[in-house]
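*Asks:* Got a structure for you, written out below as structure tokens; questions coming shortly.
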Amino acid sequence: MNPHSEPSKRTTDSDSTAQPAAPTPSSTPGPPEPSASADPHRVPDPAPPTRSADDSRLLDSANAPTTPADTTSPPAPSTPSSSAHSSAPADAVPAPVSETQVTLRSPAELADALPYLMGFYPDDSVVLVALHGDRGRFGGRVRLGIPTDTTQWPDVADQLADCLVNAGKERDARPEAILVYLCQEPAQGESGKDVKDRLRPLAQRLRTACGALDVPVLEALCLSNGRFWSYCCPDFRCCPAEGTPMVMPGTSVMAAAAAYAGMQVRGSLKEMEARLTPRTGRRAVEQEKTLDTAAGALVPRMLERDGAAAVRQNTLALAGAMIHRFRQDTPSGSNRARDACDDALITDAEAADLILGLQDRVTRDRAAEWMDGSAAAPALRLWRALARRCAGGYAEHAVAPLTLAGWVCWSTEDGPSARVALSCALSLDPEYTFAQLLHRAINEGLDPEPLRRCLREQHHEATDTADGEPAPDAVSATTTEETRRTTGRPGPARRGPARRLRGPRGSTGPGTRSTDGRGRRRTGRDGDRSRR
């Protein structure tokens, strides 16, 4: 059982402690800087942190058996230079020299650090972490789902090792060593030890693939059923055959450093993906029928003179009204409860109109303007709700709302959630350009602000037009240019002031409130409370 699933309160977040996502702004205080010590009884002297280029690239997922690989690359990592059980550090954002370092001294602390490095617990995943320098500081990370077909393991191991090692070499930050994590929960009738034994060939192949590139695997751990096993240590006194229990959540040095930074582990990967998965059952059948009806009505409208422009305006007006409705009714409770409340705020007909309307590239790019300020949170809830409504034969229609959800998460500095949403989108359509560009930009540690600034200007120009027509599409044309910019390079100067983001015209007005005059929450599907 994953001890980090469904956290009841904010604990840690890899965006500043482990930095798997895009770098945080320089004004954000960082946590204690982690480091490593070859001697488990000696605490090293703090070393001044340095900045280096990111050492990750988007792994070509053409041969990947599951989802696209997630790669992350914090600056200035370093690596221990001792045996498999020498201490290795947790990853961190560049911190002021005056801040203390965090030292991880054992495999147990390495196992506990993984959710903080990723920002979530990576279910059914193989994770490789690069280590650099004499101090054993973490570098880039790459994650991929464990293939169910064992014949794919050699190719996957070669891909992951090549991605991590060569990406660092391109940036003059070639790893000195690598950590390997294999995370999978037992199937029915299995134990954690059975999982460890079953995944041993994959662990061995990963070690061989890294060794072929002259980068040793310092430690290889299997995490399953609340325990961990080492594939590198043959000593049963410290690594018993039945495994070693994971430390209690919130009691480790890594948890303390992350709590100091005010960051959060977002549960497990499965829990994050469940918030984006289409519904099933009776309600899914009803939603699919509504989508069929809406699609049949949409084609004649598009064929009319100026019909496409009218559909775009109607879609954006409806999206603005929905965002206003979501803003007026903020749910509480667990993620599941909040998602159920969000599903109740939008009817099947409204969801169908929005899902179909967002398939238009210009409409989608205009909808991307809701990405910061007070509109960001309700927009993210709306895009997630629409992704859950893409039922049955409309599963691929979820790519647009999933990409918009990933964009909003990245724009609001939630890199782990952005990666999950974009990976879901690319698993449905690997050729979806907007998702590809965003995924690559996040993995390369770029700053979303230039694209945000472009969208603000686009929105300003669109709302100032006399006839109310949407502005020409600028997102896809400018994203390629912006993703080539490094994080520290300022964006191009643009004419006109950058105004605070607002929804398109028609986003507010009569009939858009989510409660009636007596304060009761609006119902979902045409008078009936919606259930997932």
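Lettering and numbering for the structure tokens are positional, with chains as A, B, ... in the shown order, residues counted from 1 in each chain, and ligands counted from 1 in the shown order.
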Taking the backbone alone, and naming residues the way the document does, which bits of stretch 171-309 of chain A are alpha helix (DSSP H) by DSSP, as JSON, numbers by chain?

*Replies:* {"A": [192, 193, 194, 195, 196, 197, 198, 199, 200, 201, 202, 203, 204, 205, 206, 207, 208, 209, 210, 211, 212, 253, 254, 255, 256, 257, 258, 259, 260, 261, 269, 270, 271, 272, 273, 274, 282, 283, 284, 285, 286, 287, 288, 289, 290, 291, 292, 293, 294, 295, 296, 297, 298, 299, 300, 301, 302, 303, 307, 308, 309]}

*Asks:* My list of candidates is A:Thr251, A:Thr244, A:Gln436, A:Ser106. Which is closest to A:Phe228 when distances are computed with only C-alpha atoms?

*Replies:*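 Looking at the shortest contact to A:Phe228, the residue is A:Thr244.
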
*Asks:* With distances taken over only C-alpha atoms, which residue among A:Val253, A:Cys210, A:Ala421, A:Leu345 lies nearest A:Pro401?

*Replies:*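 For A:Pro401, the nearest of the candidates is A:Ala421.
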
*Asks:* Quick one: pull the distance between atom CA of A:Leu358 and atom CA of A:Arg282, Å, one decimal.

*Replies:*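 Between these atoms lies a distance of 24.6 Å.
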
*Asks:* Out of A:Cys454, A:Ala352, A:Ile178, A:Cys424, which residue has the shortest atom-to-atom distance to A:Arg366 when counting only C-alpha atoms?

*Replies:* A:Cys454

*Asks:* Determine which residues of stretch 185-276 of chain A DSSP labels as strand (DSSP E) from the backbone of this structure, then write them out as number ranges by chain.

*Replies:* A: 217-224, 227-230, 244-245

*Asks:* Any chance you can output those residues with all heavy atoms as an mmCIF file, in the first residue's frame?

*Replies:*
```cif
data_model
loop_
_atom_site.group_PDB
_atom_site.id
_atom_site.type_symbol
_atom_site.label_atom_id
_atom_site.label_comp_id
_atom_site.auth_asym_id
_atom_site.auth_seq_id
_atom_site.Cartn_x
_atom_site.Cartn_y
_atom_site.Cartn_z
ATOM 1 N N VAL A 217 25.519 1.871 -11.712
ATOM 2 C CA VAL A 217 24.296 1.989 -10.905
ATOM 3 C C VAL A 217 24.707 1.874 -9.454
ATOM 4 O O VAL A 217 25.148 0.822 -8.990
ATOM 5 C CB VAL A 217 23.279 0.904 -11.283
ATOM 6 C CG1 VAL A 217 22.107 0.904 -10.296
ATOM 7 C CG2 VAL A 217 22.758 1.133 -12.695
ATOM 8 N N LEU A 218 24.564 2.969 -8.726
ATOM 9 C CA LEU A 218 24.981 3.005 -7.331
ATOM 10 C C LEU A 218 24.079 2.159 -6.452
ATOM 11 O O LEU A 218 24.532 1.471 -5.541
ATOM 12 C CB LEU A 218 25.006 4.442 -6.835
ATOM 13 C CG LEU A 218 25.614 4.688 -5.460
ATOM 14 C CD1 LEU A 218 27.107 4.454 -5.493
ATOM 15 C CD2 LEU A 218 25.305 6.099 -4.994
ATOM 16 N N GLU A 219 22.768 2.217 -6.722
ATOM 17 C CA GLU A 219 21.795 1.450 -5.947
ATOM 18 C C GLU A 219 20.591 1.181 -6.829
ATOM 19 O O GLU A 219 20.189 2.050 -7.619
ATOM 20 C CB GLU A 219 21.381 2.208 -4.684
ATOM 21 C CG GLU A 219 20.359 1.501 -3.804
ATOM 22 C CD GLU A 219 20.864 0.163 -3.275
ATOM 23 O OE1 GLU A 219 20.717 -0.852 -3.983
ATOM 24 O OE2 GLU A 219 21.395 0.134 -2.164
ATOM 25 N N ALA A 220 20.016 0.007 -6.707
ATOM 26 C CA ALA A 220 18.790 -0.360 -7.405
ATOM 27 C C ALA A 220 17.815 -0.904 -6.368
ATOM 28 O O ALA A 220 18.112 -1.893 -5.695
ATOM 29 C CB ALA A 220 19.057 -1.401 -8.495
ATOM 30 N N LEU A 221 16.684 -0.248 -6.234
ATOM 31 C CA LEU A 221 15.713 -0.587 -5.198
ATOM 32 C C LEU A 221 14.388 -0.990 -5.819
ATOM 33 O O LEU A 221 13.956 -0.400 -6.821
ATOM 34 C CB LEU A 221 15.481 0.604 -4.262
ATOM 35 C CG LEU A 221 16.690 1.121 -3.465
ATOM 36 C CD1 LEU A 221 16.300 2.368 -2.686
ATOM 37 C CD2 LEU A 221 17.217 0.041 -2.526
ATOM 38 N N CYS A 222 13.752 -1.969 -5.212
ATOM 39 C CA CYS A 222 12.384 -2.337 -5.553
ATOM 40 C C CYS A 222 11.479 -1.892 -4.409
ATOM 41 O O CYS A 222 11.719 -2.246 -3.243
ATOM 42 C CB CYS A 222 12.264 -3.842 -5.770
ATOM 43 S SG CYS A 222 10.569 -4.418 -6.076
ATOM 44 N N LEU A 223 10.446 -1.109 -4.713
ATOM 45 C CA LEU A 223 9.493 -0.613 -3.715
ATOM 46 C C LEU A 223 8.148 -1.272 -3.978
ATOM 47 O O LEU A 223 7.571 -1.109 -5.065
ATOM 48 C CB LEU A 223 9.363 0.901 -3.797
ATOM 49 C CG LEU A 223 10.437 1.765 -3.116
ATOM 50 C CD1 LEU A 223 11.817 1.506 -3.699
ATOM 51 C CD2 LEU A 223 10.085 3.241 -3.236
ATOM 52 N N SER A 224 7.651 -2.010 -2.990
ATOM 53 C CA SER A 224 6.389 -2.715 -3.172
ATOM 54 C C SER A 224 5.777 -3.033 -1.817
ATOM 55 O O SER A 224 6.480 -3.449 -0.887
ATOM 56 C CB SER A 224 6.624 -4.019 -3.960
ATOM 57 O OG SER A 224 5.418 -4.720 -4.168
ATOM 58 N N ARG A 227 7.336 -1.932 1.509
ATOM 59 C CA ARG A 227 8.691 -2.376 1.824
ATOM 60 C C ARG A 227 9.608 -2.090 0.639
ATOM 61 O O ARG A 227 9.144 -1.787 -0.470
ATOM 62 C CB ARG A 227 8.710 -3.881 2.140
ATOM 63 C CG ARG A 227 8.019 -4.237 3.446
ATOM 64 C CD ARG A 227 7.972 -5.739 3.696
ATOM 65 N NE ARG A 227 7.445 -6.034 5.013
ATOM 66 C CZ ARG A 227 8.182 -6.239 6.094
ATOM 67 N NH1 ARG A 227 9.511 -6.210 5.997
ATOM 68 N NH2 ARG A 227 7.628 -6.489 7.262
ATOM 69 N N PHE A 228 10.904 -2.203 0.888
ATOM 70 C CA PHE A 228 11.860 -2.054 -0.204
ATOM 71 C C PHE A 228 12.920 -3.143 -0.103
ATOM 72 O O PHE A 228 13.200 -3.689 0.959
ATOM 73 C CB PHE A 228 12.510 -0.653 -0.175
ATOM 74 C CG PHE A 228 13.490 -0.435 0.933
ATOM 75 C CD1 PHE A 228 14.841 -0.750 0.766
ATOM 76 C CD2 PHE A 228 13.084 0.103 2.147
ATOM 77 C CE1 PHE A 228 15.744 -0.552 1.795
ATOM 78 C CE2 PHE A 228 13.991 0.312 3.171
ATOM 79 C CZ PHE A 228 15.328 -0.024 2.992
ATOM 80 N N TRP A 229 13.492 -3.465 -1.268
ATOM 81 C CA TRP A 229 14.561 -4.451 -1.404
ATOM 82 C C TRP A 229 15.676 -3.840 -2.244
ATOM 83 O O TRP A 229 15.409 -3.053 -3.160
ATOM 84 C CB TRP A 229 14.064 -5.717 -2.105
ATOM 85 C CG TRP A 229 13.110 -6.550 -1.319
ATOM 86 C CD1 TRP A 229 13.383 -7.680 -0.615
ATOM 87 C CD2 TRP A 229 11.698 -6.355 -1.179
ATOM 88 N NE1 TRP A 229 12.262 -8.187 -0.027
ATOM 89 C CE2 TRP A 229 11.201 -7.394 -0.364
ATOM 90 C CE3 TRP A 229 10.809 -5.391 -1.655
ATOM 91 C CZ2 TRP A 229 9.858 -7.503 -0.024
ATOM 92 C CZ3 TRP A 229 9.478 -5.482 -1.314
ATOM 93 C CH2 TRP A 229 9.008 -6.536 -0.497
ATOM 94 N N SER A 230 16.885 -4.198 -1.939
ATOM 95 C CA SER A 230 18.031 -3.756 -2.728
ATOM 96 C C SER A 230 18.478 -4.880 -3.651
ATOM 97 O O SER A 230 18.629 -6.036 -3.222
ATOM 98 C CB SER A 230 19.196 -3.349 -1.817
ATOM 99 O OG SER A 230 20.367 -3.100 -2.589
ATOM 100 N N THR A 244 12.644 -4.583 3.795
ATOM 101 C CA THR A 244 12.738 -3.643 4.913
ATOM 102 C C THR A 244 11.554 -2.701 4.862
ATOM 103 O O THR A 244 11.256 -2.136 3.805
ATOM 104 C CB THR A 244 14.036 -2.829 4.830
ATOM 105 O OG1 THR A 244 15.150 -3.732 4.765
ATOM 106 C CG2 THR A 244 14.181 -1.918 6.037
ATOM 107 N N PRO A 245 10.821 -2.519 5.971
ATOM 108 C CA PRO A 245 9.679 -1.602 5.950
ATOM 109 C C PRO A 245 10.111 -0.183 5.628
ATOM 110 O O PRO A 245 11.174 0.281 6.052
ATOM 111 C CB PRO A 245 9.108 -1.710 7.370
ATOM 112 C CG PRO A 245 9.629 -3.007 7.899
ATOM 113 C CD PRO A 245 10.985 -3.198 7.272
#
```

*Asks:* Hey, which of A:Thr103, A:Gln328, A:Asn335, A:Gln458 ends up closest to A:Arg135? Count only C-alpha atoms.

*Replies:*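 Residue with the minimum atom-to-atom distance to A:Arg135: A:Thr103.
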
*Asks:* Please indicate the distance in Å from atom CA of A:Ala425 to atom CA of A:Leu303, rounded to one decimal place.

*Replies:* 28.8 Å
